[in-house]
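Enquirer: Mind having a look at this structure? Questions to follow.
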Amino acid sequence: MIEGRTIYVILIREIKKFLRERSRLFSTVARPLIWLFFVGGGMSRVVPMKGGVTYIQFFFPGILAMTVLFSSIFSAISIIWDKEFGYMKEMLVAPVSRTSIVLGKTLSGTFVSTLQAVIILLLFPFLGFRLGPLGFFEAVAVSSFLAFSISAIGIFIATFYESFESFSVIMNFIVMPMFFLSGAMYPVHSMPEILKTISRLNPLTYGVDALKNVIFPSLRADITADFPFVFDLLVLLVVSLVFVVLDTLAFRKRL
Amino acid sequence: MYAIEVDRLSKHYNGLVAVDDISFQVPEGSIFGFLGPNGAGKTTTINILCTIVKPTSGNAKVNGFDCLKEPDRVRQSIGIVFQDTTLDKDLTAYENLLYHAILYNVSRRVRRQKVEDALRFVDLFDRRDDFVRRFSGGMKRRLEVARAIVHQPKVLFLDEPTIGLDPQSRKSLWDFIIRLPEEQGVTVFMTTHYMDEAEVCHSIAIIDKGKIIAAGSPAELKKQVGGDVIYLKTTDNQESIRLIRNHKGFDAELKDDEIFVPVTKGDACIPELIKLLGDRVTSVRMQRPTLNDVFIKLTGKKIREEVQDSSDQLREAIRAYRRRFDRG
């Protein structure tokens with residue numbers, strides 16, 4: 001049911017296109033930096049933080065999650081482009097399983113996002129953090145795990161749309177709210193009750209929380225993780241599995 | 001042995017009948033033309049045969065495999081060129097074919113060779129490392145044909161392969177297509193609404209409103225229309241028509257300044273007509289019936305041509321523009 005060759009083709013195609021498209025590489029790295037320093041830098045002056053960290057430091061796991069979020073969603077909804085420009089049909093008529101196509105796409109998103117997360121993580125020293133090799137490795141691992149879940153969600157979203165006119169709808173009504181209500185910019189427990197509830201239903205929340213768990217392992221303050229690390233990972237695992245299954249069903253149903 | 005066997009196939013979309021109880025066979029190694037106006041059910045039939053649409057009822061077999069029960073084996077046996085391009089424009093010609101070869105299980109040992117052979121077959125070997133977005137419409141279509149034969153399919157489906165191409169590219173694409181059965185051992189199943197293109201097919205089925213209304217070789221179909229048509233120009237049309245009508249076994253009508261005489265055997269009738277009209281005749285031409293005449297006779301209407309081209313190109317241009325500037 002799962003063919004390595006299908007996953008390989010989808011993955012290598014995505015990587016080639018990603019590396020060739022310099023503007024995409026540049027903008028996906030530039031966006032988090034703009035948020036981190038322009039938004040984070042400004043907020044540091046107005047938001048007093050407890051626990052000995054500055055806002056910009058608090059914001060860092062959120063920015064890492066944002067990088068993963070944007071690049072995973074973008075990679076996943078390239079399916080819409082593939083539908084619009086026909087390449088999806090080339091894959092659908094090939095003797096390959098739908099599950100492999102879904103996994104190939106999910107892993108493409110995971111790979112590309114992880115690559116970008118690594119670039120962002122290399123900025124770490126400039127923010128006055130200390131993160132050992134183990135911490136660095138953990139942060140990369142959590143990022144790629146999160147990337148897998150978000151990619152699976154993104155593919156599910158993409159199956160509903162036929163043309164990329166829908167791109168701005170997806171950005172404004174799905175991606176941005178997911179980011180704002182993930183605890184990336186403000187701790188979940190400080191949110192109003194209704195937003196808190198929504199945040200708890202947002203898979204990204206657990207990704208951000210897992211990153212906080214990894215990046216501030218010893219800090220126990222306002223700004224730190226809301227949930228236990230294992231719980232975060234468990235939620236991401238369930239989300240990944242559920243959406244990979246949903247994606248496969250959606251791909252089959254289309255035919 | 002048949003490459004394609006279709007038995008009482010139907011497809012309904014929410015009460016709309018796209019394909020209505022059609023049956024036909026395509027012998028191995030032949031070029032089969034599926035003719036009809038836009039919306040007649042051609043693409044739906046292709047989609048069923050290449051397993052991306054499920055029929056409402058009926059059976060279809062490709063290369064001996066059942067399209068419903070063994071879709072993977074059908075897929076492995078076919079190559080398809082869709083109406084709209086399915087190439088990845090951001091990859092090179094070579095990469096497009098290589099990834100296709102991998103998806104279709106072409107073994108690593110011969111992969112490179114097969115891809116290069118296919119590129120040579122359509123004369124695009126020298127452009128193999130160019131990005132597809134730099135290709136002209138005709139080159140893209142040729143590249144798609146090359147990609148469709150990389151894995152050496154038994155049956156090649158071509159859905160309106162020449163739509164939107166200029167006459168020269170159409171001609172050059174055809175030169176490749178007609179060589180396919182002999183050189184690559186494939187059966188070709190093509191749809192078109194250009195009747196002149198269908199002339200090269202070994203057999204043809206004409207479909208209208210989801211039903212097959214005629215089938216046979218081009219010559220057989222044209223026989224249904226009757227014989228030939230003679231067009232005469234004369235110095236005195238009225239008098240000439242009167243003379244022809246009075247002559248036993250002839251009929252005549254004025255059409256756009258020419259006298260139109262339908263006959264059974266044109267070459268034998270011309271001397272007779274000239275004898276009859278004497279030096280009133282200024283010019284004579286004879287026309288054999290075309291497939292277009294067949295279509296007109298069977299359906300009472302002309303096949304629409306090229307209606308979607310300009311709007312399609314516009315749509316593509318808008319998409320390309322948006323793609324470049326509206327990205328996140």
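Chain labels follow the order of the structure tokens: the first chain is A, the next B, and so on; residue numbering restarts at 1 in every chain, and ligands are counted from 1 in their shown order.
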Which residues of chain B are close to chain A, meaning at most 8 Å apart when you count only C-alpha atoms, and how do they look as a VMD selection string?

Expert: chain B and resid 50 to 54 71 to 73 75 to 76 84 to 88 90 to 91 99 102 to 104

Enquirer: Go ahead and save the picked residues with N, CA and C atoms, as a compact mmCIF listing (two decimals), in the first residue's frame.

Expert:
```
# COMPACT_ATOMS: atom_id res chain seq x y z
N CYS B 50 -9.31 5.42 -17.94
CA CYS B 50 -8.03 5.53 -17.22
C CYS B 50 -8.26 5.55 -15.72
N THR B 51 -9.39 5.05 -15.28
CA THR B 51 -9.70 4.73 -13.88
C THR B 51 -9.79 5.92 -12.93
N ILE B 52 -9.98 7.12 -13.44
CA ILE B 52 -10.16 8.20 -12.47
C ILE B 52 -11.63 8.59 -12.29
N VAL B 53 -12.50 7.98 -13.07
CA VAL B 53 -13.94 8.16 -12.85
C VAL B 53 -14.58 6.77 -12.84
N LYS B 54 -15.50 6.58 -11.90
CA LYS B 54 -16.19 5.29 -11.85
C LYS B 54 -17.45 5.35 -12.69
N PRO B 71 -7.70 -1.51 -11.15
CA PRO B 71 -7.28 -0.18 -11.63
C PRO B 71 -5.76 -0.02 -11.72
N ASP B 72 -5.02 -0.62 -10.79
CA ASP B 72 -3.57 -0.44 -10.81
C ASP B 72 -2.93 -1.08 -12.03
N ARG B 73 -3.46 -2.23 -12.45
CA ARG B 73 -2.90 -2.89 -13.63
C ARG B 73 -3.28 -2.14 -14.88
N ARG B 75 -3.72 1.13 -14.94
CA ARG B 75 -2.86 2.32 -14.92
C ARG B 75 -1.46 2.03 -15.41
N GLN B 76 -0.96 0.86 -15.02
CA GLN B 76 0.38 0.49 -15.44
C GLN B 76 0.42 0.27 -16.96
N ASP B 84 -5.80 19.38 -20.87
CA ASP B 84 -4.98 20.43 -20.26
C ASP B 84 -3.65 19.83 -19.86
N THR B 85 -2.60 20.61 -19.98
CA THR B 85 -1.28 20.07 -19.68
C THR B 85 -1.17 19.64 -18.22
N THR B 86 -0.47 18.53 -17.99
CA THR B 86 -0.24 18.08 -16.62
C THR B 86 1.26 17.99 -16.35
N LEU B 87 2.02 18.78 -17.09
CA LEU B 87 3.46 18.82 -16.84
C LEU B 87 3.74 19.75 -15.66
N ASP B 88 4.86 19.54 -14.99
CA ASP B 88 5.28 20.49 -13.98
C ASP B 88 6.21 21.50 -14.64
N ASP B 90 7.83 23.91 -13.49
CA ASP B 90 9.02 24.31 -12.74
C ASP B 90 10.10 23.24 -12.73
N LEU B 91 9.85 22.15 -13.44
CA LEU B 91 10.88 21.13 -13.57
C LEU B 91 11.37 21.12 -15.02
N TYR B 99 10.68 11.44 -13.30
CA TYR B 99 9.79 11.17 -12.17
C TYR B 99 8.62 10.30 -12.60
N ILE B 102 9.79 6.78 -12.68
CA ILE B 102 9.87 6.18 -11.35
C ILE B 102 8.48 5.79 -10.86
N LEU B 103 7.51 6.70 -11.03
CA LEU B 103 6.15 6.41 -10.59
C LEU B 103 5.59 5.17 -11.28
N TYR B 104 6.03 4.94 -12.53
CA TYR B 104 5.50 3.81 -13.29
C TYR B 104 6.41 2.59 -13.24
```

Enquirer: Residues within 9 Å of Leu35 of chain B, please, as a list of chain:residue names. Count only C-alpha atoms; anything in the same chain fewer than 2 positions from it doesn't count.

Expert: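 Listed by chain and then number, they are B:Gly33, B:Pro37, B:Ala40, B:Lys42, B:Met190, B:Thr191, B:Thr192, B:His193, B:Tyr194, B:Met195, B:Ala198, B:Ile204, B:Ala205, B:Ile206, B:Ile207, B:Asp208.
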
Enquirer: Got a sec: who's within 12 Å of Arg112 of chain B, counting only C-alpha atoms, leaving out chain neighbours fewer than 2 positions off, as a list in words?

Expert: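 Contacts, in chain order: Tyr94, Glu95, Leu97, Leu98, Tyr99, His100, Ala101, Ile102, Val106, Ser107, Arg108, Arg109, Val110, Lys114, Val115, Glu116, Asp117, Ala118, Leu119, Val150 and His151 of chain B.
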
Enquirer: I'd like the interatomic distance between atom CA of Asp123 of chain B and atom CA of Lys140 of chain B, to a tenth of an Å.

Expert: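 Atom CA of Lys140 of chain B lies at a distance of 11.7 Å from atom CA of Asp123 of chain B.
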
Enquirer: Phe180 of chain A: which residues within 10 Å, counting only C-alpha atoms, same-chain residues fewer than 6 positions away excluded, as a ChimeraX atom specification?

Expert: /A:62,66,186,195,199,204-205

Enquirer: If you run DSSP on this backbone, which residues of segment 46-137 of chain B come out as helix (DSSP H, G or I), and could you give them as number ranges by chain?

Expert: B: 46-49, 71-77, 93-103, 108-121, 125-127, 132-134, 137

Enquirer: Excluding same-chain residues fewer than 3 positions from Leu243 of chain B, what lies within 8 Å of it counting only C-alpha atoms, as a list in words?

Expert: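 Here the qualifying residues turn out to be Glu239, Ser240, Asn246, His247, Leu276 and Leu277 of chain B.
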
Enquirer: Write a file of the selected residues as an mmCIF file, in the first residue's frame, keeping C-alpha atoms.

Expert:
```
data_model
loop_
_atom_site.group_PDB
_atom_site.id
_atom_site.type_symbol
_atom_site.label_atom_id
_atom_site.label_comp_id
_atom_site.auth_asym_id
_atom_site.auth_seq_id
_atom_site.Cartn_x
_atom_site.Cartn_y
_atom_site.Cartn_z
ATOM 1 C CA GLU B 239 -30.414 27.342 -67.673
ATOM 2 C CA SER B 240 -27.759 24.847 -66.555
ATOM 3 C CA ASN B 246 -34.195 17.362 -66.862
ATOM 4 C CA HIS B 247 -31.423 14.841 -67.407
ATOM 5 C CA LEU B 276 -24.808 18.139 -71.415
ATOM 6 C CA LEU B 277 -23.901 21.741 -70.661
#
```

Enquirer: Which one is closest to Phe160 of chain A: A:His189, A:Phe136, A:Ile77, A:Val29? Count only C-alpha atoms.

Expert: A:Ile77

Enquirer: Record the distance separating atom CA of Phe60 of chain A and atom CA of Pro177 of chain A, expressed in Å with one decimal.

Expert: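 We find that atom CA of Phe60 of chain A and atom CA of Pro177 of chain A lie 18.3 Å from each other.
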
Enquirer: I'd like the contact shell of Thr45 of chain B - 9 Å cut-off, only C-alpha atoms, skipping same-chain residues fewer than 5 positions apart - returned as a list in words.

Expert: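 Those residues are Leu9, Ser10, Lys11, Ala18, Val19, Cys50, Val53 and Pro55 of chain B.
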